[in-house]
Each structure stands twice: as structure tokens, then as C-alpha cells.
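Trainee: Here it is, the structure in full.
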Amino acid sequence: MAIATFLAVALMIVSQIVSPISGNGNAAVLRSVNEHSDAAALSGIMRAVGLALLIAPLFYLFRAVQARSSRVRTQLVGLVVIAPLFLAVSSGLTVAANNEAADLFVAGEAKSTLSAKEAHQQCVSDRKDEGAKSFAEEFKPAQGETVLAACEKRKIEDDEASNAIGEASLAPVVSGLGIAGTLGLVVSLFYCGLYGMRTGLLSRFWGSLGMVAGIAFLLGPLFIVTLIWFVYFGLLVLGAVPGGRPPAWEKGEAVPWPTPGEKAAAELEPSEGPPNPEPDADADGSSERRKRKARDPGQSD
């Protein structure tokens with residue numbers, strides 16, 4: 001299971017490294033796909049396999065919390081399995097959809113719904129918002145072309161590319177599976193992180209991080225947070241984390257973490273020590289004489 005987790009993370013990282021797709025705007029992206037179709041396909045397949053392998057750690061954690069808490073909803077196990085699978089299929093089909101869209105765009109078969117007048121208005125607005133210098137750096141004109149004309153040209157080309165992507169035959173399937181899989185992964189990570197923390201399988205920090213890892217998956221650059229959490233979980237299963245695995249793993253039952261109030265109460269509770277000894281009698285027996293006087297108040301000195 002840990003090997004599957006590490007392999008999933010490695011494949012998703014490498015897929016980003018080897019991906020040849022680059023460029024500003026949809027038009028540049030589709031040209032890149034068309035020029036490097038084989039490398040783009042390899043990157044997409046690696047990502048798809050990595051996403052499918054995430055089933056292993058999520059299913060393992062779900063079964064672990066289910067065995068330690070009767071409150072876990074058994075029917076959610078299907079979501080834990082199907083969410084990464086949907087994402088994997090969506091990633092694989094994206095390769096075919098992008099190739100189809102790139103062919104349409106490069107062949108000039110995709111048409112823009114953005115008029116030249118609308119493109120001009122958008123570019124004027126962008127120049128006003130960004131400032132002339134930043135605007136010129138973003139839209140570098142060709143020889144004999146103005147910056148504004150370069151902007152208008154890119155706006156129209158990007159609209160053509162967007163239409164090509166939307167017109168690809170697999171686009172609806174890719175979009176539907178991607179949305180369903182992403183939402184399912186968010187719910188799965190949140191639920192497993194929550195009950196992992198409640199049963200003591202995950203510390204409060206890593207349980208909370210697992211709960212937000214699904215949301216981080218949606219936010220582009222923060223995707224690394226999701227990968228870090230899966231790496232930690234793989235190490236946790238192996239018992240290779242500092243301090244070892246929490247007691248709930250070995251006991252096979254829930255060992256909830258104490259709340260902050262319970263921790264504070266435990267720290268304030270006085271420790272039990274040996275009872276105070278009776279005072280020793282003085283060497284000359286004066287202590288014993290004081291006791292006898294107290295018992296016989298009529299005795300004179």
C-alpha cells in the first residue's frame with residue numbers, strides 16, 4: 001500500500017516535469033499540444049495512472065477508521081474508490097480531447113465568436129488596467145505590428161482555441177468526470193482526515209491537513225499540499241514517522257486524542273506523593289512529655 005502511495009505521488013510529479021504543454025492562452029497551449037503530441041500523451045497517461053493509484057491509500061485509511069468507529073458511514077467506501085478512478089479516466093481522455101482540439105485549431109476549422117470590435121474593446125480595457133508597460137510586455141508585437149493589434153489577434157485566437165476545446169467530442173465526458181471526481185476526492189479526503197483524527201489514527205495536525213488537502217487539490221499550485229499529505233501517510237503506514245505510529249494503529253481500536261481542555265486538566269492535577277511522616281520525637285523525649293501534658297491539664301509543673 002505504501003509503495004502504491006509513493007508511486008502515485010512520483011508519477012504525478014514526473015508527469016508535470018515531462019509535460020511539454022506551455023504558453024500563454026489557449027491558442028499557445030493547443031499549438032504546443034500539436035507540436036508535442038507524443039510527449040503530451042505520455043504526461044497525461046502518467047498522471048492518470050498516478051491518480052488511479054490513490055485508491056490504495058484512501059481505501060486503506062477508510063477501512064482502518066471504519067474498523068475503529070461504528071459511526072463511519074460504510075456506503076462512502078464507494079466514493080473513496082470511484083473519485084480517484086473518475087479523475088484517472090478524465091485525465092486519460094483529456095489527452096485525446098486535447099489532440100482533437102489542437103487538430104481543429106491548427107487546421108483553422110475552429111471559428112471565433114469574438115468580433116474584432118469586442119477584441120479591441122477588451123484590449124483597450126486591459127491596457128488601462130495593467131498600464132502601458134506591463135501591457136506591452138505581455139503582448140509583444142511582431143515586426144510592423146502595434147501592441148494593441150497583437151493583443152486583438154491573441155484575443156481572437158484564444159477564443160478560437162476555446163471553441164475548439166469545447167467542440168471536441170470527448171469534452172463533455174472529460175468535464176463531467178473531472179468535476180465528479182474532484183468533488184468526490186474533496187469529500188473523501190475530508191471524511192478520512194476527520195475520522196482518522198477522531199479515532200487517533202492521525203494526529204490533529206495531519207488529520208486537519210488531510211481535511212484541507214482535497215481543497216488544495218482544486219487550487220493549482222497548492223496541489224503540492226495534497227502530495228505532501230499522501231507522502232506522510234505512506235510513511236505513517238510504514239511506521240517511519242518521528243515518534244512512530246499513534247497507539248490506535250497497534251491497539252486496533254479508537255484511541256482519541258485528548259482535547260485541549262483535557263490536556264490542561266491533566267497538567268493541573270497534582271501528582272500523588274508519599275504521606276507526610278509523623279514528626280520524630282526529640283532526642284530528650286520532650287515531644288512525648290508535651291503529649292502527656294495535653295492529656296492531663298491538671299498536672300502542675
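Chain labels run A, B, ... following the order of the C-alpha cells; each chain numbers its residues from 1, and ligands are numbered from 1 in the order shown.
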Quick check for you: according to DSSP on this backbone, which residues of segment 81-272 of chain A are classed as helix (DSSP H, G or I)? Reply as number ranges by chain.
Mentor: A: 81-106, 116-130, 132-138, 147-167, 171-198, 204-218, 220-238, 247-251, 260-268
Trainee: Those same residues, written as a tab-separated table (two decimals), in the first residue's frame with C-alpha atoms?
Mentor:
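Listed below is the output, out_34.tsv:
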chain	number	residue	atom	x	y	z
A	81	VAL	CA	-12.80	4.28	-4.71
A	82	ILE	CA	-14.72	5.95	-7.52
A	83	ALA	CA	-13.41	9.52	-7.07
A	84	PRO	CA	-9.75	8.80	-7.97
A	85	LEU	CA	-10.95	6.46	-10.72
A	86	PHE	CA	-13.09	9.20	-12.30
A	87	LEU	CA	-10.14	11.59	-12.16
A	88	ALA	CA	-7.87	8.99	-13.76
A	89	VAL	CA	-10.29	8.35	-16.63
A	90	SER	CA	-10.82	12.08	-17.10
A	91	SER	CA	-7.06	12.65	-17.26
A	92	GLY	CA	-6.64	9.88	-19.84
A	93	LEU	CA	-9.48	11.14	-22.02
A	94	THR	CA	-8.12	14.69	-21.79
A	95	VAL	CA	-5.17	13.57	-23.90
A	96	ALA	CA	-7.48	12.53	-26.74
A	97	ALA	CA	-9.71	15.60	-26.35
A	98	ASN	CA	-6.73	17.99	-26.45
A	99	ASN	CA	-5.30	16.30	-29.55
A	100	GLU	CA	-8.65	16.62	-31.30
A	101	ALA	CA	-8.97	20.28	-30.30
A	102	ALA	CA	-5.40	21.01	-31.39
A	103	ASP	CA	-6.04	19.47	-34.81
A	104	LEU	CA	-9.20	21.54	-35.25
A	105	PHE	CA	-7.45	24.76	-34.25
A	106	VAL	CA	-4.31	24.29	-36.30
A	116	ALA	CA	-12.77	42.38	-33.90
A	117	LYS	CA	-14.59	45.27	-32.21
A	118	GLU	CA	-15.07	43.30	-29.00
A	119	ALA	CA	-11.43	42.21	-29.03
A	120	HIS	CA	-10.36	45.84	-29.46
A	121	GLN	CA	-12.50	46.95	-26.52
A	122	GLN	CA	-11.09	44.21	-24.29
A	123	CYS	CA	-7.52	45.14	-25.20
A	124	VAL	CA	-8.08	48.83	-24.52
A	125	SER	CA	-9.54	47.93	-21.14
A	126	ASP	CA	-6.59	45.62	-20.36
A	127	ARG	CA	-4.07	48.32	-21.28
A	128	LYS	CA	-5.82	50.77	-18.96
A	129	ASP	CA	-5.90	48.29	-16.05
A	130	GLU	CA	-2.35	46.91	-16.44
A	132	ALA	CA	1.20	50.58	-20.86
A	133	LYS	CA	4.50	48.98	-19.82
A	134	SER	CA	3.06	45.74	-18.45
A	135	PHE	CA	0.64	45.55	-21.36
A	136	ALA	CA	3.49	45.85	-23.89
A	137	GLU	CA	5.46	43.13	-22.08
A	138	GLU	CA	2.50	40.74	-22.17
A	147	VAL	CA	0.91	46.23	-29.31
A	148	LEU	CA	-2.83	46.77	-29.47
A	149	ALA	CA	-3.05	44.80	-32.72
A	150	ALA	CA	-1.04	41.95	-31.17
A	151	CYS	CA	-3.45	41.87	-28.25
A	152	GLU	CA	-6.50	41.81	-30.54
A	153	LYS	CA	-5.01	38.97	-32.57
A	154	ARG	CA	-4.32	36.86	-29.47
A	155	LYS	CA	-7.79	37.50	-28.06
A	156	ILE	CA	-9.40	36.21	-31.24
A	157	GLU	CA	-7.06	33.20	-31.48
A	158	ASP	CA	-7.66	32.28	-27.84
A	159	ASP	CA	-11.40	32.42	-28.45
A	160	GLU	CA	-10.99	30.13	-31.46
A	161	ALA	CA	-8.94	27.72	-29.33
A	162	SER	CA	-11.52	27.79	-26.52
A	163	ASN	CA	-14.23	26.92	-29.02
A	164	ALA	CA	-12.09	24.09	-30.39
A	165	ILE	CA	-11.67	22.67	-26.89
A	166	GLY	CA	-15.39	22.91	-26.25
A	167	GLU	CA	-16.24	21.31	-29.60
A	171	ALA	CA	-15.13	17.39	-23.94
A	172	PRO	CA	-18.46	16.76	-22.13
A	173	VAL	CA	-17.25	13.41	-20.77
A	174	VAL	CA	-13.93	14.86	-19.64
A	175	SER	CA	-15.65	17.78	-17.92
A	176	GLY	CA	-18.29	15.63	-16.21
A	177	LEU	CA	-15.84	13.02	-14.92
A	178	GLY	CA	-13.39	15.70	-13.84
A	179	ILE	CA	-15.96	17.63	-11.80
A	180	ALA	CA	-17.43	14.48	-10.22
A	181	GLY	CA	-14.01	13.03	-9.43
A	182	THR	CA	-12.67	16.26	-7.95
A	183	LEU	CA	-15.67	16.79	-5.69
A	184	GLY	CA	-15.54	13.14	-4.65
A	185	LEU	CA	-11.86	13.43	-3.76
A	186	VAL	CA	-12.52	16.56	-1.69
A	187	VAL	CA	-15.23	14.74	0.30
A	188	SER	CA	-13.14	11.56	0.66
A	189	LEU	CA	-10.07	13.34	1.99
A	190	PHE	CA	-12.15	15.46	4.35
A	191	TYR	CA	-14.03	12.46	5.73
A	192	CYS	CA	-10.99	10.22	6.10
A	193	GLY	CA	-8.96	13.03	7.67
A	194	LEU	CA	-11.76	13.82	10.12
A	195	TYR	CA	-12.31	10.25	11.30
A	196	GLY	CA	-8.61	9.49	11.19
A	197	MET	CA	-8.19	12.26	13.74
A	198	ARG	CA	-11.23	11.23	15.80
A	204	ARG	CA	-4.63	16.58	14.98
A	205	PHE	CA	-2.23	18.36	12.62
A	206	TRP	CA	-2.15	15.67	9.93
A	207	GLY	CA	-5.85	14.95	10.28
A	208	SER	CA	-6.63	18.62	9.75
A	209	LEU	CA	-4.20	18.82	6.83
A	210	GLY	CA	-5.91	15.81	5.26
A	211	MET	CA	-9.25	17.60	5.57
A	212	VAL	CA	-7.95	20.58	3.58
A	213	ALA	CA	-5.84	18.52	1.15
A	214	GLY	CA	-8.84	17.97	-1.07
A	215	ILE	CA	-9.48	21.70	-1.34
A	216	ALA	CA	-5.78	22.26	-2.06
A	217	PHE	CA	-6.15	19.80	-4.95
A	218	LEU	CA	-8.50	22.31	-6.58
A	220	GLY	CA	-3.45	24.61	-8.75
A	221	PRO	CA	-0.14	25.50	-7.07
A	222	LEU	CA	-1.42	24.29	-3.69
A	223	PHE	CA	-1.74	20.80	-5.17
A	224	ILE	CA	1.66	20.14	-3.58
A	225	VAL	CA	-0.07	20.15	-0.17
A	226	THR	CA	-2.13	17.12	-1.26
A	227	LEU	CA	1.00	15.29	-2.39
A	228	ILE	CA	2.82	16.06	0.88
A	229	TRP	CA	-0.10	14.61	2.85
A	230	PHE	CA	-0.03	11.37	0.82
A	231	VAL	CA	3.75	11.05	1.27
A	232	TYR	CA	3.29	11.44	5.04
A	233	PHE	CA	0.54	8.83	5.07
A	234	GLY	CA	2.73	6.35	3.22
A	235	LEU	CA	5.50	6.89	5.78
A	236	LEU	CA	2.95	6.58	8.60
A	237	VAL	CA	1.81	3.17	7.37
A	238	LEU	CA	5.44	2.04	7.32
A	247	PRO	CA	-1.35	3.91	19.57
A	248	ALA	CA	-4.64	3.42	17.69
A	249	TRP	CA	-2.79	1.57	14.92
A	250	GLU	CA	-1.39	-1.11	17.20
A	251	LYS	CA	-4.39	-1.47	19.53
A	260	PRO	CA	-7.02	20.94	24.84
A	261	GLY	CA	-9.23	21.14	27.97
A	262	GLU	CA	-8.38	17.58	28.98
A	263	LYS	CA	-4.68	18.25	28.45
A	264	ALA	CA	-4.85	21.36	30.64
A	265	ALA	CA	-6.73	19.47	33.37
A	266	ALA	CA	-4.15	16.68	33.34
A	267	GLU	CA	-1.32	19.17	33.70
A	268	LEU	CA	-3.01	20.95	36.63
Trainee: Extract, using only C-alpha atoms, all DNA, RNA and protein residues at most 10 Å from Ser37 of chain A, discarding same-chain residues fewer than 2 positions from it, and format them as a PyMOL selection string.
Mentor: chain A and resi 20-21+30-35+39-43+95-96+98-99+102
Trainee: How many Å separate atom CA of Gly144 of chain A from atom CA of Val29 of chain A?
Mentor: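 Taking atom CA of Gly144 of chain A as the start and atom CA of Val29 of chain A as the end point, the length is 25.1 Å.
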